[in-house]
Structure formats: structure tokens, C-alpha cells
file query.txt (compact mmCIF, C-alpha atoms and all ligand atoms)
# COMPACT_ATOMS: atom_id res chain seq x y z
CA MET X 242 -37.15 -6.55 -9.85
CA ALA X 243 -37.93 -6.19 -6.10
CA ALA X 244 -41.00 -4.09 -5.12
CA PRO X 245 -40.21 -0.64 -3.63
CA VAL X 246 -39.80 -0.75 0.16
CA LYS X 247 -42.89 1.40 0.75
CA HIS X 248 -45.22 -1.01 -1.10
CA ARG X 249 -43.88 -4.04 0.66
CA LEU X 250 -44.75 -2.53 4.07
CA HIS X 251 -48.54 -2.50 3.61
CA GLY X 252 -49.12 -5.29 6.09
CA PHE X 253 -47.73 -3.17 9.03
CA LYS X 254 -49.45 -0.58 11.26
CA PRO X 255 -48.66 3.05 10.23
CA GLN X 256 -46.43 3.66 13.31
CA ILE X 257 -44.35 0.51 12.72
CA ARG X 258 -44.24 1.38 9.01
CA ARG X 259 -42.75 4.78 9.86
CA ILE X 260 -40.11 3.20 12.11
CA ILE X 261 -39.10 0.67 9.45
CA LEU X 262 -38.96 3.35 6.76
CA LEU X 263 -36.90 5.65 8.99
CA SER X 264 -34.47 2.83 9.79
CA VAL X 265 -34.03 2.01 6.10
CA LEU X 266 -33.54 5.69 5.22
CA SER X 267 -31.02 6.32 7.99
CA PHE X 268 -29.14 3.17 7.00
CA LEU X 269 -28.96 4.43 3.39
CA PHE X 270 -27.88 7.87 4.60
CA PHE X 271 -25.01 6.53 6.67
CA LEU X 272 -23.90 4.02 4.05
CA PRO X 273 -21.40 6.32 2.27
CA PHE X 274 -19.65 6.97 5.59
CA THR X 275 -19.29 3.42 6.78
CA HIS X 276 -15.98 2.61 5.16
CA ALA X 277 -16.19 -1.08 5.99
CA LYS X 278 -19.08 -1.39 3.52
CA ASP X 279 -17.77 0.97 0.87
CA ASN X 280 -15.04 -0.77 -1.07
CA SER X 281 -14.41 2.18 -3.34
CA ARG X 282 -12.87 4.32 -0.58
CA ILE X 283 -9.70 3.74 1.29
CA ARG X 284 -8.20 5.02 4.56
CA VAL X 285 -4.58 6.12 4.16
CA LEU X 286 -2.52 6.94 7.23
CA ILE X 287 -0.81 10.29 6.69
CA MET X 288 0.54 10.92 10.18
CA LYS X 289 0.68 8.99 13.41
CA ASP X 290 1.53 9.92 17.02
CA THR X 291 1.73 13.60 16.26
CA ALA X 292 1.03 16.29 18.86
CA SER X 293 -0.40 18.70 16.28
CA PHE X 294 -0.66 19.50 12.59
CA LYS X 295 -1.84 22.32 10.36
CA LEU X 296 -5.14 21.95 8.54
CA PHE X 297 -6.28 24.27 5.79
CA ILE X 298 -9.61 24.09 3.94
CA LYS X 299 -10.69 26.53 1.26
CA GLY X 300 -14.48 26.91 1.05
CA LYS X 301 -17.27 25.14 2.87
CA TYR X 302 -16.63 22.22 5.19
CA GLU X 303 -18.39 19.97 7.68
CA ILE X 304 -17.09 18.38 10.86
CA ARG X 305 -18.82 15.13 11.79
CA SER X 306 -18.46 12.51 14.46
CA LEU X 307 -16.79 9.48 12.87
CA GLU X 308 -18.66 7.17 15.19
CA ASN X 309 -22.22 8.07 14.10
CA ASN X 310 -21.72 10.65 11.33
CA LYS X 311 -23.58 13.31 13.36
CA LEU X 312 -22.93 16.84 12.10
CA LEU X 313 -21.03 18.68 14.85
CA SER X 314 -20.08 21.88 13.12
CA SER X 315 -19.73 23.50 9.70
CA GLY X 316 -18.26 26.65 8.28
CA ASN X 317 -16.52 28.40 5.46
CA SER X 318 -12.73 28.30 5.20
CA LEU X 319 -10.65 26.76 7.96
CA SER X 320 -7.02 27.37 8.83
CA VAL X 321 -6.12 25.84 12.20
CA LYS X 322 -3.56 23.99 14.19
CA VAL X 323 -5.18 20.69 15.17
CA SER X 324 -4.19 19.33 18.58
CA ALA X 325 -5.42 16.87 21.18
CA SER X 326 -6.36 17.35 24.79
CA ALA X 327 -7.19 14.84 27.50
CA SER X 328 -10.88 15.13 26.64
CA GLY X 329 -10.83 15.29 22.87
CA ILE X 330 -9.70 17.03 19.69
CA ASN X 331 -9.19 20.78 19.28
CA LEU X 332 -9.77 22.53 15.99
CA ARG X 333 -11.32 25.99 15.93
CA GLU X 334 -13.43 24.70 18.81
CA SER X 335 -12.99 21.70 21.10
CA PHE X 336 -14.76 18.42 20.38
CA LYS X 337 -15.17 15.78 23.07
CA LYS X 338 -14.69 12.99 20.54
CA LYS X 339 -12.12 10.29 19.85
CA ALA X 340 -12.47 10.64 16.10
CA LEU X 341 -13.74 13.25 13.67
CA LEU X 342 -14.56 13.19 9.98
CA ILE X 343 -13.80 16.44 8.16
CA HIS X 344 -15.55 16.84 4.83
CA PRO X 345 -14.48 19.73 2.58
CA ALA X 346 -17.07 20.60 -0.09
CA SER X 347 -14.29 21.35 -2.60
CA GLY X 348 -13.06 17.75 -2.40
CA TYR X 349 -9.56 18.63 -1.20
CA PHE X 350 -7.71 20.08 1.77
CA TYR X 351 -4.17 20.63 3.06
CA VAL X 352 -2.42 18.88 5.97
CA ASN X 353 0.89 20.59 6.79
CA ASN X 354 0.78 22.17 3.32
CA ARG X 355 0.35 18.78 1.67
CA SER X 356 -2.60 18.75 -0.72
CA LEU X 357 -4.97 15.77 -0.34
CA ARG X 358 -8.24 14.79 -1.98
CA GLY X 359 -11.33 13.37 -0.28
CA ASP X 360 -12.03 13.63 3.46
CA LEU X 361 -9.90 13.69 6.57
CA ILE X 362 -10.27 11.47 9.62
CA ILE X 363 -8.65 12.77 12.80
CA ARG X 364 -8.17 10.23 15.58
CA LYS X 365 -6.99 10.77 19.10
CA GLU X 366 -4.83 7.90 20.33
CA ALA X 367 -6.28 6.19 23.36
CA ALA X 368 -4.76 7.36 26.67
CA SER X 369 -2.50 9.97 25.10
CA GLU X 370 -2.66 13.42 23.63
CA LYS X 371 -1.38 12.29 20.26
CA LEU X 372 -3.20 12.37 16.94
CA SER X 373 -3.41 10.41 13.73
CA ALA X 374 -4.38 12.00 10.44
CA ILE X 375 -6.02 9.60 7.99
CA ASN X 376 -6.99 10.49 4.44
CA TYR X 377 -10.37 8.93 3.59
CA ILE X 378 -10.23 8.95 -0.16
CA GLY X 379 -11.83 7.40 -3.25
CA LEU X 380 -9.87 4.38 -4.48
CA GLU X 381 -9.32 5.92 -7.94
CA ASP X 382 -7.94 9.16 -6.47
CA TYR X 383 -5.72 7.12 -4.16
CA VAL X 384 -4.21 5.23 -7.13
CA LYS X 385 -3.59 8.59 -8.85
CA GLY X 386 -1.65 9.75 -5.79
CA VAL X 387 0.50 6.59 -5.75
CA LEU X 388 1.52 5.89 -9.35
CA PHE X 389 4.04 8.72 -9.69
CA HIS X 390 6.03 7.22 -6.80
CA GLU X 391 5.92 3.63 -8.03
CA ILE X 392 6.60 4.10 -11.76
CA SER X 393 7.83 6.80 -14.15
CA HIS X 394 5.01 8.83 -15.66
CA ARG X 395 7.04 8.90 -18.88
CA TRP X 396 6.80 5.11 -19.35
CA PRO X 397 4.65 3.52 -22.09
CA ILE X 398 0.98 3.88 -21.21
CA GLU X 399 0.30 0.11 -21.21
CA ALA X 400 2.94 -0.37 -18.49
CA ILE X 401 1.41 2.45 -16.43
CA LYS X 402 -2.05 0.89 -16.89
CA ALA X 403 -0.72 -2.48 -15.67
CA GLN X 404 0.78 -0.71 -12.64
CA ALA X 405 -2.50 1.13 -11.95
CA ILE X 406 -4.35 -2.20 -11.80
CA ALA X 407 -1.71 -3.82 -9.59
CA THR X 408 -1.73 -0.78 -7.27
CA ARG X 409 -5.55 -0.72 -7.08
CA THR X 410 -5.65 -4.46 -6.35
CA TYR X 411 -2.94 -4.27 -3.70
CA ALA X 412 -4.75 -1.39 -1.96
CA LEU X 413 -8.13 -3.09 -2.06
CA TYR X 414 -6.64 -6.29 -0.65
CA HIS X 415 -5.31 -4.35 2.35
CA ALA X 416 -8.62 -2.52 2.75
CA GLN X 417 -10.32 -5.91 3.02
CA MET X 418 -7.74 -7.23 5.47
CA ASN X 419 -7.72 -4.15 7.71
CA LYS X 420 -11.46 -3.43 8.03
CA ALA X 421 -11.32 -3.63 11.81
CA LYS X 422 -8.24 -1.38 12.07
CA PRO X 423 -8.24 2.43 12.12
CA TYR X 424 -6.67 2.63 8.64
CA ASP X 425 -6.15 0.42 5.58
CA VAL X 426 -2.72 1.43 4.30
CA SER X 427 0.12 3.72 5.31
CA SER X 428 1.52 6.29 2.89
CA ASP X 429 5.15 5.12 3.04
CA ILE X 430 7.20 2.27 1.58
CA TYR X 431 5.56 -0.22 3.95
CA SER X 432 2.41 -0.04 1.82
CA GLN X 433 2.69 1.98 -1.38
CA VAL X 434 4.20 5.46 -1.38
CA TYR X 435 1.30 7.94 -1.59
CA GLY X 436 1.92 11.62 -2.26
CA GLY X 437 -1.65 12.91 -2.59
CA LYS X 438 -2.85 15.48 -5.13
CA ASP X 439 0.62 16.98 -5.66
CA SER X 440 1.86 13.64 -7.03
CA GLU X 441 -0.68 13.45 -9.82
CA ARG X 442 0.58 13.67 -13.39
CA TYR X 443 -1.30 13.80 -16.68
CA ARG X 444 -0.23 10.36 -17.94
CA THR X 445 -0.57 8.51 -14.64
CA ASN X 446 -4.06 10.00 -14.15
CA LYS X 447 -4.92 8.97 -17.72
CA ALA X 448 -3.83 5.37 -16.97
CA VAL X 449 -6.06 5.33 -13.86
CA GLU X 450 -9.04 6.64 -15.83
CA LEU X 451 -8.50 4.13 -18.65
CA THR X 452 -8.49 1.24 -16.15
CA ARG X 453 -11.15 2.61 -13.78
CA GLY X 454 -12.30 -0.07 -11.32
CA LEU X 455 -10.21 -2.85 -12.85
CA VAL X 456 -8.63 -5.23 -10.34
CA LEU X 457 -6.92 -8.60 -10.42
CA LYS X 458 -8.58 -11.64 -8.92
CA TYR X 459 -7.46 -15.22 -8.49
CA LYS X 460 -10.17 -17.85 -8.11
CA GLY X 461 -12.65 -15.03 -7.55
CA LYS X 462 -10.68 -13.32 -4.80
CA ILE X 463 -8.60 -10.14 -4.63
CA PHE X 464 -4.99 -10.99 -3.77
CA PRO X 465 -1.93 -8.92 -2.74
CA ALA X 466 -0.67 -8.01 -6.23
CA TYR X 467 3.00 -7.59 -5.31
CA PHE X 468 5.41 -5.95 -7.71
CA HIS X 469 9.09 -5.04 -7.74
CA ALA X 470 11.54 -3.11 -9.91
CA THR X 471 13.55 -5.84 -11.70
CA CYS X 472 13.52 -9.61 -11.30
CA ALA X 473 16.64 -10.23 -13.42
CA GLY X 474 15.38 -13.28 -15.31
CA ARG X 475 13.00 -15.05 -12.96
CA THR X 476 10.38 -13.80 -10.51
CA GLU X 477 10.13 -15.19 -6.98
CA ASN X 478 7.59 -17.56 -5.40
CA ALA X 479 5.61 -15.59 -2.83
CA ASP X 480 5.81 -18.50 -0.36
CA GLU X 481 9.60 -18.10 -0.22
CA LEU X 482 9.03 -14.81 1.61
CA TRP X 483 5.58 -14.87 3.14
CA ASN X 484 2.93 -17.34 4.14
CA ILE X 485 1.17 -16.99 0.78
CA ASN X 486 0.63 -19.98 -1.46
CA LEU X 487 -1.27 -18.75 -4.52
CA GLY X 488 -0.96 -19.93 -8.11
CA CYS X 489 -0.93 -16.32 -9.33
CA LEU X 490 2.12 -15.45 -7.23
CA LYS X 491 4.36 -18.28 -8.41
CA SER X 492 7.76 -17.80 -10.00
CA VAL X 493 7.85 -17.23 -13.79
CA ASP X 494 10.75 -16.87 -16.23
CA CYS X 495 10.99 -13.23 -17.29
CA PRO X 496 12.92 -12.69 -20.52
CA TYR X 497 12.05 -8.97 -20.65
CA CYS X 498 14.04 -7.07 -18.02
CA GLY X 499 17.62 -7.81 -19.20
CA ALA X 500 18.16 -4.19 -20.29
CA SER X 501 16.73 -2.71 -17.05
CA LEU X 502 18.75 0.08 -15.47
CA HIS X 503 18.70 -2.01 -12.29
CA ILE X 504 19.84 -5.32 -13.71
CA LYS X 505 23.18 -5.36 -11.81
CA TRP X 506 24.34 -4.19 -8.42
CA ASP X 507 27.60 -4.55 -6.49
CA VAL X 508 28.38 -3.64 -2.93
CA THR X 509 31.35 -4.16 -0.64
CA LEU X 510 30.93 -4.26 3.13
CA THR X 511 33.48 -5.04 5.82
CA LEU X 512 32.66 -8.05 7.98
CA ALA X 513 32.67 -5.66 10.94
CA GLU X 514 29.96 -3.54 9.28
CA ILE X 515 27.86 -6.65 8.69
CA VAL X 516 28.20 -7.71 12.35
CA GLU X 517 27.22 -4.23 13.48
CA LYS X 518 24.10 -4.13 11.30
CA LEU X 519 23.04 -7.64 12.37
CA ASN X 520 23.48 -6.81 16.05
CA LEU X 521 21.58 -3.53 15.68
CA SER X 522 18.69 -5.56 14.25
CA GLY X 523 18.73 -7.84 17.29
CA TYR X 524 20.65 -10.75 15.76
CA ASN X 525 23.37 -11.54 18.27
CA ILE X 526 26.66 -12.51 16.73
CA GLY X 527 30.34 -11.97 17.57
CA PRO X 528 33.11 -10.87 15.15
CA LEU X 529 32.82 -12.66 11.80
CA LYS X 530 35.69 -14.71 10.38
CA ASP X 531 33.95 -15.77 7.22
CA MET X 532 30.58 -16.11 5.55
CA ARG X 533 29.15 -17.83 2.49
CA VAL X 534 25.98 -18.51 0.58
CA LEU X 535 24.72 -21.87 1.77
CA LYS X 536 21.70 -22.52 -0.40
CA LEU X 537 19.81 -21.05 -3.36
CA ASN X 538 16.07 -21.50 -3.91
CA ASP X 539 14.34 -22.56 -7.16
CA SER X 540 14.33 -19.01 -8.54
CA GLY X 541 18.09 -18.69 -7.98
CA ARG X 542 17.86 -16.43 -4.94
CA VAL X 543 19.76 -16.87 -1.68
CA LYS X 544 17.77 -19.04 0.70
CA ALA X 545 20.35 -19.28 3.48
CA LEU X 546 23.78 -17.96 4.44
CA GLU X 547 26.36 -19.40 6.79
CA LEU X 548 28.01 -16.96 9.20
CA ILE X 549 31.24 -18.13 10.87
CA SER X 550 32.34 -16.34 14.02
CA ASP X 551 34.56 -17.21 16.99
CA GLU X 552 31.47 -18.69 18.64
CA GLY X 553 30.96 -21.12 15.78
CA GLN X 554 28.63 -21.36 12.79
CA LYS X 555 25.20 -19.75 12.45
CA ILE X 556 22.70 -20.02 9.64
CA ILE X 557 20.56 -17.07 8.66
CA SER X 558 17.82 -16.99 6.01
CA GLY X 559 18.39 -14.80 2.98
CA LYS X 560 15.17 -12.90 3.69
CA GLU X 561 16.24 -12.07 7.25
CA PHE X 562 19.75 -11.15 6.16
CA ARG X 563 18.56 -8.69 3.49
CA GLN X 564 16.03 -7.13 5.86
CA MET X 565 18.60 -6.69 8.64
CA LEU X 566 21.36 -5.32 6.43
CA ASP X 567 19.01 -2.94 4.64
CA PRO X 568 17.10 -3.81 1.44
CA LYS X 569 18.43 -0.64 -0.17
CA ILE X 570 22.02 -1.93 0.22
CA ILE X 571 21.38 -5.60 -0.50
CA ARG X 572 19.06 -4.78 -3.40
CA SER X 573 17.97 -8.35 -4.09
CA LEU X 574 18.57 -11.91 -2.95
CA LYS X 575 20.00 -12.83 -6.33
CA PHE X 576 23.65 -12.43 -5.40
CA SER X 577 26.96 -14.23 -5.08
CA LEU X 578 29.46 -13.46 -2.38
CA ASP X 579 33.25 -13.49 -1.96
CA VAL X 580 35.04 -12.80 1.31
CA MET X 581 38.62 -11.51 1.24
CA ALA X 582 40.76 -9.65 3.77
CA GLY X 583 37.86 -8.90 6.13
CA LYS X 584 35.57 -7.68 3.37
CA ALA X 585 32.48 -9.18 1.74
CA PHE X 586 32.04 -8.48 -1.99
CA PHE X 587 28.41 -8.86 -3.07
CA SER X 588 27.67 -9.15 -6.75
CA GLY X 589 23.94 -9.09 -7.42
CA PHE X 590 21.20 -8.93 -10.03
CA GLY X 591 17.83 -7.17 -10.06
CA TRP X 592 16.12 -4.96 -7.50
CA GLY X 593 13.37 -5.87 -5.07
CA HIS X 594 11.82 -9.00 -3.54
CA GLY X 595 11.05 -10.40 -6.99
CA VAL X 596 7.42 -11.42 -6.32
CA GLY X 597 4.65 -10.62 -8.85
CA MET X 598 5.04 -8.09 -11.62
CA CYS X 599 8.55 -7.13 -12.69
CA GLN X 600 8.12 -3.41 -13.46
CA TRP X 601 11.03 -3.17 -15.87
CA GLY X 602 9.81 -6.34 -17.56
CA ALA X 603 6.41 -4.63 -17.92
CA TYR X 604 8.17 -1.56 -19.36
CA PHE X 605 9.91 -3.59 -22.08
CA MET X 606 6.78 -5.67 -22.78
CA ALA X 607 4.80 -2.45 -23.31
CA LYS X 608 7.59 -1.14 -25.58
CA ASP X 609 7.25 -4.36 -27.59
CA GLY X 610 3.54 -3.64 -28.10
CA TYR X 611 1.96 -5.84 -25.42
CA LYS X 612 -1.24 -4.59 -23.80
CA TYR X 613 -1.75 -4.19 -20.04
CA TYR X 614 -3.83 -7.38 -19.72
CA THR X 615 -1.14 -9.51 -21.42
CA ILE X 616 1.50 -8.01 -19.13
CA LEU X 617 -0.58 -8.68 -16.01
CA LYS X 618 -1.54 -12.21 -17.02
CA PHE X 619 2.10 -12.96 -17.73
CA TYR X 620 3.30 -12.00 -14.23
CA TYR X 621 0.16 -13.05 -12.31
CA GLN X 622 -0.51 -16.39 -13.96
CA ASP X 623 -4.17 -17.50 -14.09
CA ALA X 624 -5.36 -14.20 -12.61
CA GLU X 625 -8.52 -12.59 -13.99
CA ILE X 626 -9.20 -8.89 -14.51
CA GLU X 627 -12.56 -7.67 -13.17
CA ASP X 628 -14.35 -4.35 -12.83
CA ILE X 629 -15.27 -3.85 -9.16
CA TYR X 630 -17.87 -1.20 -9.93
CA GLU X 631 -19.66 -3.40 -12.47
CA ALA X 632 -19.58 -6.39 -10.12
CA ARG X 633 -21.58 -4.41 -7.55
ZN ZN N 701 11.99 -9.33 -14.98
call {"tool": "encode", "arguments": {"input": "query.txt", "output": "C-alpha cells"}}
result
Amino acid sequence: MAAPVKHRLHGFKPQIRRIILLSVLSFLFFLPFTHAKDNSRIRVLIMKDTASFKLFIKGKYEIRSLENNKLLSSGNSLSVKVSASASGINLRESFKKKALLIHPASGYFYVNNRSLRGDLIIRKEAASEKLSAINYIGLEDYVKGVLFHEISHRWPIEAIKAQAIATRTYALYHAQMNKAKPYDVSSDIYSQVYGGKDSERYRTNKAVELTRGLVLKYKGKIFPAYFHATCAGRTENADELWNINLGCLKSVDCPYCGASLHIKWDVTLTLAEIVEKLNLSGYNIGPLKDMRVLKLNDSGRVKALELISDEGQKIISGKEFRQMLDPKIIRSLKFSLDVMAGKAFFSGFGWGHGVGMCQWGAYFMAKDGYKYYTILKFYYQDAEIEDIYEAR
């Protein structure tokens, strides 16, 4: 065991000793507020580019400078419209700061009537009078605010536990990647949908508590633990979609999701509608005469499509096509296509990009009696489960 700091400083003059001790103490004091070092808290973007928002705090609160954690003001009960001015941020009083940290003693507050746990970071955008509201929240509370939106709270508990671990891992991965940015994740579908305190449910909270601190690692490193609704028989290789080549995100056969509610989808679009959507997304193409699936990848998903217009033939990747048409309409890349009388008939299977855990597969595995770790190790092959709090 290392000797206490005080005893190890005997060789120094008293003045120097005091300076060293003060530096160590102030470092320890600021530690909980320096998010880059604290991997159990996460910064979730709630609002961006907003002129103002309502903030309500019941009970005691502190307002600190985010930059150096200096206490600027404190009080009891706050109900204000937060806005920005050229020189800073206005709450009850005006602060000549670019960013503030609001700490409610109760552990929760309201932004535009939305109930959130943890602290609030308010940032003024550079060179504008617009604000960002960022929820600075404990990782466990964050996962509690997400699960309800990503999975049904009525599902078997082992499936919810598997989802809690995937969600925690995915969030922590982004926190590591975005250390230098003003926030780690957004609260919409581009990260994981986060609803705050109002989204917590008994069973999803229970699953978070039962898996507290557990994350997935591959070769000792946190990875983006992707998941999707239904793979329809085989998951996707991550490197088909992104520049990620990890053994734990490789395609696996999934025999579990056949009875998923999202196993099959069909949609009919006119060729004119397809042209319009492609052009709106910046893909320039004239009126379509025909189109067809050109190539499937190893997991049976569309790799490329051929588009035939008056100008000739163009090839578009499946990924780009789905993104441009709308992933909610083209639910997956596992589809076949027929064109007749100016219309394209899509007949597809599954829902989502297909990478990582198949949620409906996890649901049926849990129903069959499999535990969360078996589910996770099935979809994230060769991944390990570790407790981040114990590892510290
Ligand atoms: Zn599946």
C-alpha cells in the first residue's frame, strides 16, 4: 500500500509542502467535475441551438463555472427562462460565462417540463446567442432513461438485462470517443433515445440495478455494441456498413427471431417517388425506367442496386439507398424487388441495420431460459463482460 501523501512529503520545506498538499487537494476536489476523467458520468445533449428554455429546480441548487468549477451562485428553488446574450448566459442573474454547471441538491430538475436526473450543463454557442442544454448524468441513471425507448419493459428480464449492458457499453464507447467534444451522446435516434426520469419503469430500472457497471469488451476494449430490432435469420457484419472490423461484430446465424412481430415488411413505391427521394438527398438522377438488386452480401442483404434512367445506368450501394429513401420505409436491406408498371414492390425481412444483438432474438432466447450473458456472447462473439466499477 502507498504511504499517505502527507508522510511522503517530509523531505520538503513547509511552504513547498503546503503548496503540494493544496494542489493535490484541489485536484481531488475538482475530480468529480472533470467529466473526461470520470467514466461513470455521461453528457447527453437535450437541446441544441435554442434561444431559450425553461428551467425548474425544487430545493437547493448551485451554479458553477464549467471551466473551473468555481461556485458563482446558489439558492433555494429556481424557476426561470434561460437565455443567452452577447456576453453570456442569463438565468435569474447574468453570468459572463460560456458554460455553466447547475447542480440541484435533490438530484433532479426540469427542462421545459421534462424531468431529468443529475446536473445540467448550459453552453452558449460561440458567436451566437443560442444555447445548448446538456444533461450531465450518472451512467446508470442514463441507462434507466434509455431502456424504455429501446425495448419493452414487459419483456423477459434476461432480455432487458442484455439490453441494459449493450446500452451501457454503447454509451461508454461514445463517451470515450467524444471526450474532446461538448457532449458524448444526443438524446434522439442518432445515439440512443433518452427520455430522462419520466421514462423509467420498475422492470427496466431493476435490470439496470441487476447489471450495475457491467459492460462488454473485446480484447480488453469497449466497443460500439450495436443492436437492432430483428435480423431475420442472420446478423450483419459491421464492416458492411461502417469502417469497423471487429470479431465481436461479425455476422452470426440467428435461429431465434423467426416469430418476431417485425419479421416481414412490404412496401410499394412509384419510381417517381424513389427519384424524388433520391434527388432530395442529393443523389442526382433523372426519371427511372427500371431498377434491380445487383448484388447481395454474405449475410443476404442488398449490397448494390442498379438504377436505369434515360441518362443510363447508375449503381448505388444498399446502405446509401436505404438511408436516402428513409430507413423507416425500407426497414432493412434484406429485400427483393420487382418493378412493374412504374412501381417498385419491395418485399423484405427484419428491421434495422442487422449489426450486433438482434433484440427479438434476445427476447425469444430469454423466453427459452437463456441468461443475459449467454444472449450477449451469442450476438457479440468472443466478447467479455466486465464490471467497470470493480476494474477501477
Ligand atoms: Zn435475429
call {"tool": "residues_near_ligand", "arguments": {"input": "query.txt", "ligand": "ligand ZN 701 (chain N)", "cutoff": "7 Å", "atoms": "all atoms listed in the file", "output": "JSON, numbers by chain"}}
result
{"X": [471, 472, 473, 474, 475, 476, 495, 496, 497, 498, 599, 601, 602]}
call {"tool": "atom_distance", "arguments": {"input": "query.txt", "atom1": "atom CA of X:Val323", "atom2": "atom CA of X:Gly379"}}
result
23.7 Å
call {"tool": "closest_atom_pairs", "arguments": {"input": "query.txt", "of": "stretch 396-464 of chain X", "to": "stretch 480-489 of chain X", "cutoff": "9 Å", "atoms": "all atoms listed in the file", "output": "Markdown table"}}
result
| residue | atom | partner | partner_atom | distance |
| --- | --- | --- | --- | --- |
| X:Lys458 | CA | X:Cys489 | CA | 9.0 |
| X:Tyr459 | CA | X:Cys489 | CA | 6.7 |
| X:Phe464 | CA | X:Leu487 | CA | 8.6 |
call {"tool": "write_last_selection", "arguments": {"input": "query.txt", "atoms": "C-alpha atoms", "output": "short mmCIF file (atom, residue, chain, number, x, y, z; two decimals), in the coordinates of the input"}}
result
data_model
loop_
_atom_site.label_atom_id
_atom_site.label_comp_id
_atom_site.auth_asym_id
_atom_site.auth_seq_id
_atom_site.Cartn_x
_atom_site.Cartn_y
_atom_site.Cartn_z
CA LYS X 458 -8.58 -11.64 -8.92
CA TYR X 459 -7.46 -15.22 -8.49
CA PHE X 464 -4.99 -10.99 -3.77
#
call {"tool": "atom_distance", "arguments": {"input": "query.txt", "atom1": "atom CA of X:Ile406", "atom2": "atom CA of X:Leu455"}}
result
6.0 Å
call {"tool": "residues_around", "arguments": {"input": "query.txt", "residues": "X:Asp425", "least_positions_apart": "6", "cutoff": "9 Å", "atoms": "only C-alpha atoms", "output": "VMD selection string"}}
result
chain X and resid 283 to 286 412 to 413 415 to 419
call {"tool": "write_last_selection", "arguments": {"input": "query.txt", "atoms": "C-alpha atoms", "output": "PDB file, in the coordinates of the input"}}
result
ATOM      1  CA  ILE X 283      -9.700   3.740   1.290  1.00  0.00           C
ATOM      2  CA  ARG X 284      -8.200   5.020   4.560  1.00  0.00           C
ATOM      3  CA  VAL X 285      -4.580   6.120   4.160  1.00  0.00           C
ATOM      4  CA  LEU X 286      -2.520   6.940   7.230  1.00  0.00           C
ATOM      5  CA  ALA X 412      -4.750  -1.390  -1.960  1.00  0.00           C
ATOM      6  CA  LEU X 413      -8.130  -3.090  -2.060  1.00  0.00           C
ATOM      7  CA  HIS X 415      -5.310  -4.350   2.350  1.00  0.00           C
ATOM      8  CA  ALA X 416      -8.620  -2.520   2.750  1.00  0.00           C
ATOM      9  CA  GLN X 417     -10.320  -5.910   3.020  1.00  0.00           C
ATOM     10  CA  MET X 418      -7.740  -7.230   5.470  1.00  0.00           C
ATOM     11  CA  ASN X 419      -7.720  -4.150   7.710  1.00  0.00           C
TER      12      ASN X 419
END
call {"tool": "residues_near_point", "arguments": {"input": "query.txt", "point": "(13.0, -24.1, -8.1)", "cutoff": "10 Å", "atoms": "only C-alpha atoms", "output": "list of chain:residue names"}}
result
X:Glu477, X:Asn478, X:Ser492, X:Leu537, X:Asn538, X:Asp539, X:Ser540, X:Gly541, X:Arg542
call {"tool": "closest_residue", "arguments": {"input": "query.txt", "among": "X:Ala400, X:Ile392, X:Ile304, X:Leu319", "to": "X:Phe336", "atoms": "only C-alpha atoms"}}
result
X:Ile304
call {"tool": "axis_aligned_box", "arguments": {"input": "query.txt", "around": "stretch 390-401 of chain X", "padding_each_side": "6 Å", "output": "JSON"}}
result
{"center_x": 4.1, "center_y": 4.3, "center_z": -14.4, "size_x": 19.5, "size_y": 21.3, "size_z": 27.3}
call {"tool": "atom_distance", "arguments": {"input": "query.txt", "atom1": "atom CA of X:Gln433", "atom2": "atom CA of X:Glu381"}}
result
14.2 Å
call {"tool": "residues_around", "arguments": {"input": "query.txt", "residues": "stretch 604-620 of chain X", "least_positions_apart": "5", "cutoff": "8 Å", "atoms": "all atoms listed in the file", "output": "ChimeraX atom specification"}}
result
/X:396-400,402-403,489-490,493,497-498,597-599,625-626
call {"tool": "residues_around", "arguments": {"input": "query.txt", "residues": "X:Val449", "least_positions_apart": "4", "cutoff": "9 Å", "atoms": "all atoms listed in the file", "output": "JSON, numbers by chain"}}
result
{"X": [381, 382, 384, 385, 388, 401, 402, 405, 406, 444, 445, 453, 454]}
call {"tool": "closest_residue", "arguments": {"input": "query.txt", "among": "X:Phe468, X:Lys518, X:Ile343, X:Ser373", "to": "X:Glu391", "atoms": "all atoms listed in the file"}}
result
X:Phe468
call {"tool": "build_atoms", "arguments": {"input": "query.txt", "residues": "stretch 576-587 of chain X", "atoms": "N, CA and C atoms", "output": "compact mmCIF listing (two decimals), in the frame of the given file"}}
result
# COMPACT_ATOMS: atom_id res chain seq x y z
N PHE X 576 22.25 -12.91 -5.47
CA PHE X 576 23.65 -12.43 -5.40
C PHE X 576 24.61 -13.58 -5.14
N SER X 577 25.88 -13.33 -5.50
CA SER X 577 26.96 -14.23 -5.08
C SER X 577 27.87 -13.41 -4.16
N LEU X 578 28.73 -14.11 -3.48
CA LEU X 578 29.46 -13.46 -2.38
C LEU X 578 30.88 -14.00 -2.29
N ASP X 579 31.85 -13.09 -2.18
CA ASP X 579 33.25 -13.49 -1.96
C ASP X 579 33.74 -12.76 -0.73
N VAL X 580 34.47 -13.46 0.13
CA VAL X 580 35.04 -12.80 1.31
C VAL X 580 36.57 -12.83 1.19
N MET X 581 37.16 -11.62 1.32
CA MET X 581 38.62 -11.51 1.24
C MET X 581 39.08 -10.39 2.16
N ALA X 582 40.13 -10.66 2.91
CA ALA X 582 40.76 -9.65 3.77
C ALA X 582 39.75 -8.85 4.59
N GLY X 583 38.83 -9.56 5.23
CA GLY X 583 37.86 -8.90 6.13
C GLY X 583 36.75 -8.17 5.43
N LYS X 584 36.63 -8.36 4.11
CA LYS X 584 35.57 -7.68 3.37
C LYS X 584 34.70 -8.68 2.63
N ALA X 585 33.41 -8.33 2.51
CA ALA X 585 32.48 -9.18 1.74
C ALA X 585 32.11 -8.43 0.46
N PHE X 586 32.35 -9.08 -0.68
CA PHE X 586 32.04 -8.48 -1.99
C PHE X 586 30.76 -9.13 -2.51
N PHE X 587 29.70 -8.34 -2.57
CA PHE X 587 28.41 -8.86 -3.07
C PHE X 587 28.28 -8.46 -4.53
